[in-house]
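With mmCIF, C-alpha atoms and all ligand atoms inside, this is my_file.cif:
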data_input
loop_
_atom_site.label_atom_id
_atom_site.label_comp_id
_atom_site.auth_asym_id
_atom_site.auth_seq_id
_atom_site.Cartn_x
_atom_site.Cartn_y
_atom_site.Cartn_z
CA MET A 244 -4.60 -41.32 -194.40
CA GLU A 245 -3.52 -44.76 -193.32
CA ASN A 246 -0.65 -45.16 -190.94
CA TYR A 247 2.44 -46.52 -192.54
CA CYS A 248 3.03 -50.14 -191.72
CA LEU A 249 6.57 -51.38 -191.80
CA SER A 250 7.14 -54.33 -194.08
CA GLU A 251 9.49 -56.97 -192.77
CA PRO A 252 12.15 -58.27 -193.15
CA ARG A 253 13.51 -55.02 -194.39
CA TYR A 254 17.08 -54.90 -193.18
CA GLU A 255 17.96 -58.15 -194.88
CA ALA A 256 17.62 -56.42 -198.25
CA MET A 257 20.45 -53.94 -197.57
CA ASN A 258 24.17 -53.92 -196.84
CA TYR A 259 25.52 -51.51 -194.23
CA ARG A 260 29.00 -50.03 -194.12
CA ARG A 261 30.81 -48.42 -191.23
CA CYS A 262 31.23 -44.69 -191.70
CA GLY A 263 34.96 -44.14 -191.29
CA ARG A 264 36.21 -45.06 -187.82
CA SER A 265 32.88 -44.14 -186.19
CA GLY A 266 30.30 -46.34 -184.56
CA LEU A 267 27.76 -45.47 -187.25
CA LEU A 268 26.72 -47.80 -190.04
CA LEU A 269 25.10 -46.33 -193.15
CA SER A 270 23.11 -48.12 -195.82
CA GLU A 271 25.16 -48.62 -198.99
CA ILE A 272 22.41 -46.81 -200.87
CA SER A 273 20.88 -43.66 -199.39
CA LEU A 274 18.16 -41.34 -200.63
CA GLY A 275 18.74 -37.69 -201.51
CA PHE A 276 16.21 -34.85 -201.59
CA TRP A 277 17.94 -32.26 -203.77
CA HIS A 278 15.43 -32.72 -206.61
CA ASN A 279 11.97 -34.32 -206.86
CA PHE A 280 10.76 -33.29 -203.36
CA GLY A 281 10.04 -29.58 -203.84
CA GLU A 282 6.76 -27.69 -203.66
CA ALA A 283 5.61 -28.87 -207.11
CA ALA A 284 6.21 -32.55 -206.37
CA ASP A 285 3.29 -34.93 -205.86
CA PRO A 286 3.20 -35.61 -202.08
CA GLU A 287 1.91 -39.16 -202.54
CA ARG A 288 4.68 -40.02 -204.97
CA CYS A 289 7.25 -38.53 -202.57
CA ARG A 290 5.83 -40.52 -199.70
CA ALA A 291 5.87 -43.71 -201.78
CA ILE A 292 9.54 -43.14 -202.67
CA VAL A 293 10.49 -42.62 -199.03
CA GLU A 294 8.50 -45.63 -197.84
CA THR A 295 10.02 -47.80 -200.58
CA ALA A 296 13.45 -46.62 -199.47
CA PHE A 297 12.80 -47.43 -195.83
CA ASP A 298 11.15 -50.76 -196.66
CA ASN A 299 14.27 -51.76 -198.57
CA GLY A 300 16.65 -50.97 -195.75
CA ILE A 301 17.70 -47.44 -196.73
CA THR A 302 18.32 -45.74 -193.42
CA TYR A 303 20.07 -42.54 -194.53
CA PHE A 304 18.01 -39.60 -195.84
CA ASP A 305 20.07 -36.69 -197.15
CA LEU A 306 18.64 -33.17 -197.08
CA ALA A 307 19.84 -29.56 -197.02
CA ASN A 308 18.30 -26.25 -196.05
CA ASN A 309 18.14 -25.06 -199.66
CA TYR A 310 16.67 -28.15 -201.36
CA GLY A 311 13.39 -27.55 -203.17
CA PRO A 312 12.52 -25.49 -205.09
CA PRO A 313 11.74 -23.23 -203.37
CA ALA A 314 14.52 -23.52 -200.79
CA GLY A 315 13.24 -25.23 -197.66
CA SER A 316 10.37 -27.07 -199.34
CA ALA A 317 12.15 -30.45 -199.55
CA GLU A 318 12.70 -30.35 -195.79
CA GLU A 319 9.03 -29.49 -195.35
CA MET A 320 8.05 -32.40 -197.58
CA PHE A 321 10.28 -34.70 -195.56
CA GLY A 322 8.78 -33.36 -192.31
CA ARG A 323 5.26 -34.25 -193.46
CA ILE A 324 6.32 -37.72 -194.58
CA PHE A 325 8.21 -38.19 -191.33
CA ASP A 326 5.03 -37.43 -189.37
CA GLN A 327 2.93 -39.75 -191.53
CA SER A 328 5.27 -42.69 -191.88
CA LEU A 329 8.54 -42.56 -190.01
CA ARG A 330 8.08 -40.92 -186.61
CA ALA A 331 7.62 -44.29 -184.91
CA HIS A 332 10.92 -45.36 -186.51
CA ARG A 333 13.02 -42.31 -185.58
CA ASP A 334 15.72 -44.42 -184.00
CA GLU A 335 16.05 -46.52 -187.15
CA ILE A 336 16.87 -43.65 -189.49
CA ILE A 337 19.65 -41.16 -190.13
CA VAL A 338 18.54 -37.71 -191.23
CA ALA A 339 21.17 -35.31 -192.47
CA THR A 340 20.87 -31.66 -193.35
CA LYS A 341 23.33 -29.00 -194.42
CA ALA A 342 23.89 -25.25 -194.48
CA GLY A 343 26.21 -23.04 -196.46
CA HIS A 344 24.51 -22.39 -199.80
CA ASP A 345 22.28 -19.41 -200.54
CA MET A 346 19.20 -19.70 -198.33
CA TRP A 347 17.62 -16.44 -197.14
CA PRO A 348 18.16 -12.76 -198.03
CA GLY A 349 20.82 -10.61 -196.42
CA PRO A 350 24.34 -11.24 -195.19
CA TYR A 351 23.48 -14.16 -192.85
CA GLY A 352 21.51 -16.34 -195.27
CA GLU A 353 24.46 -18.15 -196.82
CA TRP A 354 28.06 -19.24 -196.26
CA SER A 355 29.26 -20.55 -192.95
CA SER A 356 29.49 -18.01 -190.15
CA ARG A 357 28.39 -19.12 -186.70
CA LYS A 358 25.35 -16.85 -187.13
CA SER A 359 24.28 -18.54 -190.40
CA LEU A 360 24.85 -22.14 -189.38
CA VAL A 361 23.08 -21.94 -186.03
CA ALA A 362 20.07 -20.07 -187.45
CA SER A 363 19.88 -22.38 -190.44
CA LEU A 364 19.86 -25.57 -188.37
CA ASP A 365 17.12 -24.17 -186.11
CA GLN A 366 15.02 -23.44 -189.20
CA SER A 367 15.74 -26.89 -190.65
CA LEU A 368 14.68 -28.68 -187.47
CA LYS A 369 11.31 -26.91 -187.60
CA ARG A 370 10.74 -27.81 -191.25
CA LEU A 371 11.90 -31.40 -190.71
CA ARG A 372 9.75 -31.72 -187.56
CA LEU A 373 12.71 -33.14 -185.69
CA ASP A 374 14.36 -32.39 -182.32
CA TYR A 375 17.78 -33.20 -183.73
CA VAL A 376 19.41 -34.29 -186.98
CA ASP A 377 21.82 -37.18 -187.08
CA ILE A 378 24.37 -35.44 -189.32
CA PHE A 379 24.87 -31.72 -189.84
CA TYR A 380 27.11 -30.76 -192.76
CA SER A 381 28.97 -27.64 -193.69
CA HIS A 382 27.63 -27.71 -197.26
CA ARG A 383 30.52 -25.99 -199.02
CA PRO A 384 33.85 -24.37 -198.21
CA ASP A 385 33.56 -20.70 -197.24
CA PRO A 386 36.53 -18.71 -198.56
CA ASP A 387 36.02 -15.79 -196.15
CA THR A 388 34.86 -17.12 -192.79
CA PRO A 389 37.77 -18.43 -190.72
CA LEU A 390 37.67 -22.22 -190.85
CA GLU A 391 38.02 -22.24 -187.05
CA GLU A 392 34.72 -20.36 -186.67
CA THR A 393 32.85 -22.81 -188.89
CA MET A 394 34.38 -25.88 -187.24
CA GLN A 395 33.85 -24.60 -183.69
CA THR A 396 30.21 -24.01 -184.60
CA LEU A 397 29.91 -27.63 -185.76
CA VAL A 398 31.47 -28.71 -182.46
CA ASP A 399 29.05 -26.57 -180.45
CA ILE A 400 26.08 -27.80 -182.47
CA VAL A 401 27.02 -31.41 -181.75
CA ARG A 402 27.57 -30.60 -178.06
CA SER A 403 24.16 -28.88 -177.95
CA GLY A 404 22.51 -32.13 -179.06
CA LYS A 405 20.95 -30.59 -182.16
CA ALA A 406 23.12 -32.87 -184.30
CA LEU A 407 24.76 -36.14 -183.38
CA TYR A 408 27.62 -35.97 -185.90
CA ALA A 409 29.33 -33.35 -188.08
CA GLY A 410 30.32 -33.61 -191.74
CA ILE A 411 31.77 -31.49 -194.51
CA SER A 412 30.99 -31.33 -198.20
CA LYS A 413 32.95 -30.26 -201.27
CA TYR A 414 35.95 -28.98 -199.26
CA PRO A 415 39.23 -29.04 -201.21
CA PRO A 416 41.84 -31.39 -199.70
CA GLU A 417 43.88 -28.75 -197.90
CA MET A 418 40.82 -27.28 -196.15
CA ALA A 419 39.46 -30.75 -195.44
CA SER A 420 42.74 -31.62 -193.75
CA ARG A 421 42.52 -28.58 -191.46
CA ALA A 422 38.85 -29.30 -190.76
CA TYR A 423 39.59 -32.91 -189.78
CA ALA A 424 42.40 -31.77 -187.47
CA TYR A 425 40.27 -29.10 -185.76
CA LEU A 426 37.31 -31.40 -185.21
CA SER A 427 39.46 -34.22 -183.97
CA ASP A 428 41.28 -31.94 -181.51
CA ALA A 429 37.88 -30.83 -180.21
CA HIS A 430 36.81 -34.47 -179.72
CA VAL A 431 34.03 -34.16 -182.26
CA PRO A 432 35.71 -36.06 -185.10
CA CYS A 433 34.43 -35.44 -188.59
CA LEU A 434 32.07 -38.32 -189.38
CA VAL A 435 31.86 -37.99 -193.13
CA TYR A 436 32.95 -36.17 -196.26
CA GLN A 437 30.29 -35.77 -198.95
CA GLY A 438 31.56 -35.32 -202.50
CA ARG A 439 30.52 -35.80 -206.12
CA TYR A 440 31.81 -39.12 -207.39
CA ASN A 441 30.64 -41.11 -210.39
CA MET A 442 31.95 -42.72 -213.59
CA LEU A 443 32.04 -39.31 -215.26
CA ASP A 444 33.64 -37.43 -212.37
CA ARG A 445 36.50 -39.25 -210.67
CA GLU A 446 38.10 -36.26 -208.98
CA PRO A 447 37.89 -37.68 -205.41
CA GLU A 448 40.24 -40.49 -206.50
CA ALA A 449 43.12 -38.00 -206.65
CA GLU A 450 43.23 -37.23 -202.93
CA ILE A 451 39.90 -36.90 -201.14
CA LEU A 452 39.13 -40.63 -200.87
CA SER A 453 42.52 -41.68 -199.48
CA GLN A 454 42.71 -38.63 -197.23
CA ALA A 455 39.31 -39.37 -195.69
CA ALA A 456 40.17 -43.03 -195.24
CA ALA A 457 43.49 -42.17 -193.57
CA LYS A 458 41.72 -39.85 -191.13
CA GLY A 459 38.97 -42.32 -190.30
CA VAL A 460 36.36 -40.20 -192.08
CA GLY A 461 33.64 -41.87 -194.15
CA PHE A 462 32.93 -40.83 -197.73
CA VAL A 463 29.46 -40.57 -199.24
CA ALA A 464 29.10 -40.04 -202.98
CA PHE A 465 26.53 -37.57 -204.26
CA SER A 466 25.12 -37.55 -207.81
CA PRO A 467 26.34 -41.15 -208.29
CA LEU A 468 24.30 -41.37 -211.50
CA ALA A 469 25.57 -37.99 -212.74
CA GLN A 470 22.05 -36.61 -212.28
CA GLY A 471 20.59 -39.30 -214.52
CA LEU A 472 23.17 -39.33 -217.32
CA LEU A 473 24.45 -42.69 -216.08
CA THR A 474 21.05 -44.34 -216.53
CA ASP A 475 18.88 -45.27 -219.48
CA ARG A 476 17.20 -41.84 -219.23
CA TYR A 477 19.00 -40.13 -222.12
CA LEU A 478 20.10 -43.04 -224.30
CA HIS A 479 17.30 -42.47 -226.81
CA GLY A 480 16.49 -38.77 -226.58
CA ILE A 481 15.56 -36.34 -223.81
CA PRO A 482 12.30 -37.27 -222.05
CA ASP A 483 9.93 -34.39 -221.28
CA ASP A 484 9.71 -35.31 -217.60
CA SER A 485 13.49 -35.53 -217.12
CA ARG A 486 15.77 -33.36 -215.04
CA MET A 487 17.50 -32.18 -218.20
CA ARG A 488 14.27 -30.57 -219.35
CA HIS A 489 13.41 -28.96 -216.03
CA SER A 490 16.51 -28.18 -213.99
CA GLN A 491 19.16 -25.54 -214.45
CA PHE A 492 21.71 -28.01 -213.02
CA LEU A 493 21.67 -30.42 -215.98
CA ARG A 494 21.69 -28.88 -219.44
CA GLU A 495 20.83 -30.27 -222.84
CA SER A 496 24.18 -28.97 -224.06
CA ASP A 497 25.87 -31.37 -221.58
CA LEU A 498 24.67 -34.29 -223.68
CA THR A 499 27.26 -34.12 -226.46
CA PRO A 500 27.49 -36.84 -229.13
CA GLU A 501 30.79 -37.94 -227.54
CA LEU A 502 29.17 -38.32 -224.13
CA LEU A 503 26.21 -40.18 -225.61
CA ALA A 504 28.59 -42.62 -227.29
CA ARG A 505 30.33 -43.26 -223.96
CA LEU A 506 27.01 -43.78 -222.19
CA ARG A 507 25.86 -46.22 -224.87
CA ALA A 508 29.10 -48.19 -224.62
CA TRP A 509 28.73 -48.43 -220.82
CA ASP A 510 25.10 -49.44 -221.28
CA GLU A 511 26.24 -52.34 -223.47
CA GLU A 512 28.79 -53.41 -220.86
CA ALA A 513 26.07 -53.22 -218.21
CA ARG A 514 23.65 -55.32 -220.24
CA ALA A 515 26.34 -57.91 -220.84
CA GLU A 516 26.48 -58.31 -217.06
CA GLY A 517 22.69 -58.39 -216.77
CA LEU A 518 22.58 -54.94 -215.16
CA SER A 519 20.88 -51.66 -215.97
CA LEU A 520 23.25 -48.77 -216.59
CA ALA A 521 22.20 -47.25 -213.24
CA GLN A 522 23.02 -50.48 -211.40
CA TYR A 523 26.35 -50.74 -213.21
CA ALA A 524 27.25 -47.13 -212.30
CA LEU A 525 26.34 -47.61 -208.63
CA ARG A 526 28.31 -50.85 -208.37
CA TRP A 527 31.28 -49.09 -209.93
CA ILE A 528 31.32 -46.63 -207.00
CA LEU A 529 30.56 -49.19 -204.31
CA ARG A 530 33.58 -51.27 -205.40
CA ARG A 531 35.74 -48.75 -203.53
CA PRO A 532 36.24 -49.62 -199.85
CA GLU A 533 36.66 -45.92 -198.97
CA VAL A 534 33.03 -45.28 -199.98
CA THR A 535 30.45 -45.66 -197.22
CA SER A 536 27.30 -44.93 -199.21
CA VAL A 537 25.99 -43.62 -202.52
CA ILE A 538 23.21 -41.03 -202.27
CA VAL A 539 20.83 -41.59 -205.15
CA GLY A 540 18.06 -39.29 -206.32
CA ALA A 541 14.83 -40.74 -207.70
CA SER A 542 11.80 -39.21 -209.37
CA SER A 543 9.78 -42.44 -209.12
CA VAL A 544 9.47 -45.59 -207.07
CA ALA A 545 10.45 -47.62 -210.14
CA GLN A 546 13.76 -45.76 -210.45
CA LEU A 547 14.60 -46.33 -206.82
CA GLN A 548 13.71 -50.01 -207.11
CA ASP A 549 15.95 -50.30 -210.16
CA SER A 550 18.85 -48.62 -208.35
CA LEU A 551 18.39 -50.85 -205.29
CA LYS A 552 19.10 -53.88 -207.46
CA ALA A 553 22.70 -52.68 -207.70
CA LEU A 554 23.28 -54.18 -204.28
CA LYS A 555 25.34 -57.34 -204.21
CA ARG A 556 23.61 -59.85 -201.95
N1 LIG A 601 26.68 -32.01 -201.01
C1 LIG A 601 26.30 -31.46 -202.14
O1 LIG A 601 26.69 -30.36 -202.49
C2 LIG A 601 25.33 -32.20 -203.01
C3 LIG A 601 25.17 -31.83 -204.36
C4 LIG A 601 24.30 -32.57 -205.15
C5 LIG A 601 23.59 -33.64 -204.60
N2 LIG A 601 23.74 -33.96 -203.28
C6 LIG A 601 22.98 -35.07 -202.66
O2 LIG A 601 23.03 -36.21 -203.49
C7 LIG A 601 21.70 -36.61 -203.81
C8 LIG A 601 21.65 -37.28 -205.14
O3 LIG A 601 22.02 -36.37 -206.17
P1 LIG A 601 21.37 -36.49 -207.60
O4 LIG A 601 19.89 -36.35 -207.48
O5 LIG A 601 22.12 -35.63 -208.53
O6 LIG A 601 21.66 -38.08 -207.85
P2 LIG A 601 21.72 -39.05 -209.07
O7 LIG A 601 21.35 -40.35 -208.44
O8 LIG A 601 23.03 -38.92 -209.76
O9 LIG A 601 20.59 -38.58 -210.10
C9 LIG A 601 19.24 -38.73 -209.80
C10 LIG A 601 18.40 -38.66 -211.06
O10 LIG A 601 18.75 -39.73 -211.95
C11 LIG A 601 17.59 -40.31 -212.52
N3 LIG A 601 17.50 -41.69 -212.03
C12 LIG A 601 17.76 -42.13 -210.77
N4 LIG A 601 17.69 -43.47 -210.71
C13 LIG A 601 17.39 -43.89 -211.94
C14 LIG A 601 17.22 -45.18 -212.50
N5 LIG A 601 17.38 -46.29 -211.76
N6 LIG A 601 16.90 -45.28 -213.83
C15 LIG A 601 16.77 -44.15 -214.58
N7 LIG A 601 16.93 -42.90 -214.11
C16 LIG A 601 17.26 -42.77 -212.80
C17 LIG A 601 16.43 -39.43 -212.09
O11 LIG A 601 16.31 -38.41 -213.07
P3 LIG A 601 14.89 -37.74 -213.47
O12 LIG A 601 14.60 -36.81 -212.35
O13 LIG A 601 15.19 -37.06 -214.76
O14 LIG A 601 13.90 -38.86 -213.57
C18 LIG A 601 16.92 -38.86 -210.77
O15 LIG A 601 16.28 -37.66 -210.44
C19 LIG A 601 20.91 -35.31 -203.72
O16 LIG A 601 19.52 -35.53 -203.60
C20 LIG A 601 21.52 -34.71 -202.49
O17 LIG A 601 20.99 -35.33 -201.34
C21 LIG A 601 24.60 -33.26 -202.49
#

For this file, produce the structure as structure tokens.
Amino acid sequence: MENYCLSEPRYEAMNYRRCGRSGLLLSEISLGFWHNFGEAADPERCRAIVETAFDNGITYFDLANNYGPPAGSAEEMFGRIFDQSLRAHRDEIIVATKAGHDMWPGPYGEWSSRKSLVASLDQSLKRLRLDYVDIFYSHRPDPDTPLEETMQTLVDIVRSGKALYAGISKYPPEMASRAYAYLSDAHVPCLVYQGRYNMLDREPEAEILSQAAAKGVGFVAFSPLAQGLLTDRYLHGIPDDSRMRHSQFLRESDLTPELLARLRAWDEEARAEGLSLAQYALRWILRRPEVTSVIVGASSVAQLQDSLKALKR
């Protein structure tokens, strides 16, 4: 297999935003590995998506222990691609992983005890073929583990050098506030909050966005295309190769006639501006100064290339 050869000038194609009050810049568009990188995925297609991302200035790759299916396989896929294409560029990329969702059997394979988080990150580093990740996230709030235990573990992980920064995902505002305070007191300030934000789900506008901004925490939006709803994917039926056909996370019953009518109206507005619906939806999120990056998914190079054209240059 040929060695990957970096195409220049790559960074000129991307905009970078500062993540909160940190020193870290993230690409406005990042690539997520929740779907499309599991065991059944075509390794060459996955590699082409990652190389296209990197060639277009995407520096942030977003993973989690449980991405696949099966859980762990997306990290393994990334690890292989990293060896083939990106190892020589380690200092040019940001790799994030997470722990907190269901991962392995027994009482330590999910949630956010010190035991679970430390073991999970060690497993992730092996699958990713990395010595450290750039960002380690607590993937979801844990109602039973004391927040102090989870946060102190993030602090210790950063101090150990296995992660450079800590982040949280999906925490409700009150818990996020306590998390920010704990991490800041421990001199490992929370780098970033990761939450769902798109034209169909505006919940972070109520509190999370302003709270993060006030605390100097960046915000990255996941599922910015509402898993593909905010694209041309479902405007004329449900394609056989779409997420709606294959994933339990997006159901055919979600696509009501009312929703379809809204999507078609947005598509018309997008076309009037010379944009695809995906580009329109990504620009809509990136208009907010509190947002550092949108993490897109892609099942093909063409989709990623389309989404990248959302960037204002
Ligand atoms: N922190 C958390 O709890 C959490 C939760 C969810 C996601 N995330 C992160 O966010 C990332 C993105 O989430 P997501 O995959 O739901 O993102 P998304 O960008 O909203 O949806 C991606 C899907 O949309 C379709 N698509 C993408 N670009 C397209 C384009 N230009 N034209 C037409 N269709 C297009 C593809 O669907 P098809 O596959 O049908 O082609 C693709 O798989 C994840 O990979 C993960 O890293 C984090």

Inset, instruction - Write out as a ChimeraX atom specification each polymer residue (protein, DNA or RNA) that has an atom no more than 6 Å from ligand LIG 601 (chain A), with only C-alpha atoms and all ligand atoms counted. - result: /A:275-278,305-306,382,412,437,465-471,474-476,485-486,521,538-542,546-547,549-550

List every residue of region 254-343 of chain A that has an atom at most 9 Å from any atom of region 453-462 of chain A, and for each one report the closest atom pair and its distance in Å to one decimal, counting all atoms listed in the file, with rows sorted by chain and then by increasing residue number, as CSV.
residue,atom,partner,partner_atom,distance
A:Arg261,CA,A:Gly461,CA,7.7
A:Cys262,CA,A:Gly461,CA,4.4
A:Gly263,CA,A:Gly461,CA,3.9
A:Arg264,CA,A:Gly459,CA,4.6
A:Ser265,CA,A:Gly459,CA,7.6

Legend entry - Distance of CA of Pro384 (chain A) from CA of Tyr414 (chain A), expressed in Å to one decimal place: 5.2 Å

Kindly assemble as JSON lines a list of the region 391-456 of chain A residues that lie within 9 Å of region 360-365 of chain A, each paired with its nearest atom pair and their distance in Å to one decimal, using all atoms listed in the file, sorted first by chain and then by ascending residue number.
{"residue": "A:Thr393", "atom": "CA", "partner": "A:Leu360", "partner_atom": "CA", "distance": 8.0}
{"residue": "A:Thr396", "atom": "CA", "partner": "A:Leu360", "partner_atom": "CA", "distance": 7.4}
{"residue": "A:Leu397", "atom": "CA", "partner": "A:Leu360", "partner_atom": "CA", "distance": 8.3}
{"residue": "A:Ile400", "atom": "CA", "partner": "A:Val361", "partner_atom": "CA", "distance": 7.5}
{"residue": "A:Lys405", "atom": "CA", "partner": "A:Leu364", "partner_atom": "CA", "distance": 8.1}
{"residue": "A:Ala406", "atom": "CA", "partner": "A:Leu364", "partner_atom": "CA", "distance": 9.0}

Could you write those residues out with C-alpha atoms, as a PDB file, in the coordinates of the input?
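Result file is again-v1.pdb:
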ATOM      1  CA  THR A 393      32.850 -22.810-188.890  1.00  0.00           C
ATOM      2  CA  THR A 396      30.210 -24.010-184.600  1.00  0.00           C
ATOM      3  CA  LEU A 397      29.910 -27.630-185.760  1.00  0.00           C
ATOM      4  CA  ILE A 400      26.080 -27.800-182.470  1.00  0.00           C
ATOM      5  CA  LYS A 405      20.950 -30.590-182.160  1.00  0.00           C
ATOM      6  CA  ALA A 406      23.120 -32.870-184.300  1.00  0.00           C
TER       7      ALA A 406
END

Inset, instruction - For Pro389 (chain A), list every protein, DNA or RNA residue within 12 Å, evaluated using only C-alpha atoms, and leave out those in the same chain fewer than 2 positions away; present the list as a PyMOL selection string. - result: chain A and resi 354-357+384-387+391-396+418+421-422

Padding 8 Å on every side, please: axis-aligned box over the listed atoms of region 427-437 of chain A, centre and edge lengths to one decimal in Å, as JSON.
{"center_x": 35.8, "center_y": -34.6, "center_z": -189.3, "size_x": 27.0, "size_y": 23.5, "size_z": 35.2}

Legend entry - Which of A:Leu478, A:Ala419, A:Ala464, A:Leu268 sits closest to Leu525 (chain A) [using all atoms listed in the file]: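 Distance minimum relative to Leu525 (chain A) lands on A:Ala464.
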
Legend entry - Which residue of A:Ala284, A:Ala256, A:Leu554, A:Leu503 approaches Leu529 (chain A) most closely, using all atoms listed in the file: A:Leu554

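Nearest to Ala513 (chain A) of all the residues A:Thr499, A:Ile528, A:Phe304, A:Leu473 is A:Leu473, based on all atoms listed in the file.
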
Legend entry - Atomic distance CA of Glu417 (chain A) - CA of Trp527 (chain A), expressed in Å with one decimal: 26.8 Å

Legend entry - Near-Val376 (chain A) list (12 Å; only C-alpha atoms; drop same-chain fewer than 2 positions) as a VMD selection string: chain A and resid 303 to 307 318 322 333 to 334 336 to 341 364 to 374 378 to 380 400 to 401 403 to 410

Legend entry - Nearest to Tyr259 (chain A), chosen from A:Gln548, A:Gln327, A:Thr388, A:Ser536, with all atoms listed in the file counted in the distances: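 Answer, going by the shortest atom-to-atom distance: A:Ser536.
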
Inset, instruction - Choose the residue, out of A:His344, A:Arg505, A:Arg514, A:Arg260, that has the smallest atom-to-atom separation from Ala314 (chain A); count only C-alpha atoms. - result: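 Checking each of A:His344, A:Arg505, A:Arg514, A:Arg260 against Ala314 (chain A), counting only C-alpha atoms, the winner is A:His344.
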
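The residue that comes closest to Asp399 (chain A), out of A:Arg323, A:Arg530, A:Arg439, A:His430 and on the basis of all atoms listed in the file, is A:His430.
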
Inset, instruction - For Asp345 (chain A), list every protein, DNA or RNA residue within 8 Å, evaluated using all atoms listed in the file, and leave out those in the same chain fewer than 4 positions away; present the list as a VMD selection string. - result: chain A and resid 309 352 to 354

Inset, instruction - Record the distance separating CA of Arg531 (chain A) and CA of Leu434 (chain A), expressed in Å with one decimal. - result: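 Between these atoms lies a distance of 18.0 Å.
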
Legend entry - Distance query Leu329 (chain A) at most 9 Å, all atoms listed in the file, self and fewer than 6 positions along chain excluded, as number ranges by chain: A: 247, 294, 297, 335-336

For Arg290 (chain A): contacts at 10 Å, only C-alpha atoms, fewer than 2 positions along chain excluded, given as an mmCIF file with C-alpha atoms, in the frame of the given file:
data_model
loop_
_atom_site.group_PDB
_atom_site.id
_atom_site.type_symbol
_atom_site.label_atom_id
_atom_site.label_comp_id
_atom_site.auth_asym_id
_atom_site.auth_seq_id
_atom_site.Cartn_x
_atom_site.Cartn_y
_atom_site.Cartn_z
ATOM 1 C CA TYR A 247 2.440 -46.520 -192.540
ATOM 2 C CA PHE A 280 10.760 -33.290 -203.360
ATOM 3 C CA ASP A 285 3.290 -34.930 -205.860
ATOM 4 C CA PRO A 286 3.200 -35.610 -202.080
ATOM 5 C CA GLU A 287 1.910 -39.160 -202.540
ATOM 6 C CA ARG A 288 4.680 -40.020 -204.970
ATOM 7 C CA ILE A 292 9.540 -43.140 -202.670
ATOM 8 C CA VAL A 293 10.490 -42.620 -199.030
ATOM 9 C CA GLU A 294 8.500 -45.630 -197.840
ATOM 10 C CA THR A 295 10.020 -47.800 -200.580
ATOM 11 C CA ALA A 296 13.450 -46.620 -199.470
ATOM 12 C CA MET A 320 8.050 -32.400 -197.580
ATOM 13 C CA PHE A 321 10.280 -34.700 -195.560
ATOM 14 C CA ARG A 323 5.260 -34.250 -193.460
ATOM 15 C CA ILE A 324 6.320 -37.720 -194.580
ATOM 16 C CA PHE A 325 8.210 -38.190 -191.330
ATOM 17 C CA GLN A 327 2.930 -39.750 -191.530
ATOM 18 C CA SER A 328 5.270 -42.690 -191.880
ATOM 19 C CA VAL A 544 9.470 -45.590 -207.070
#
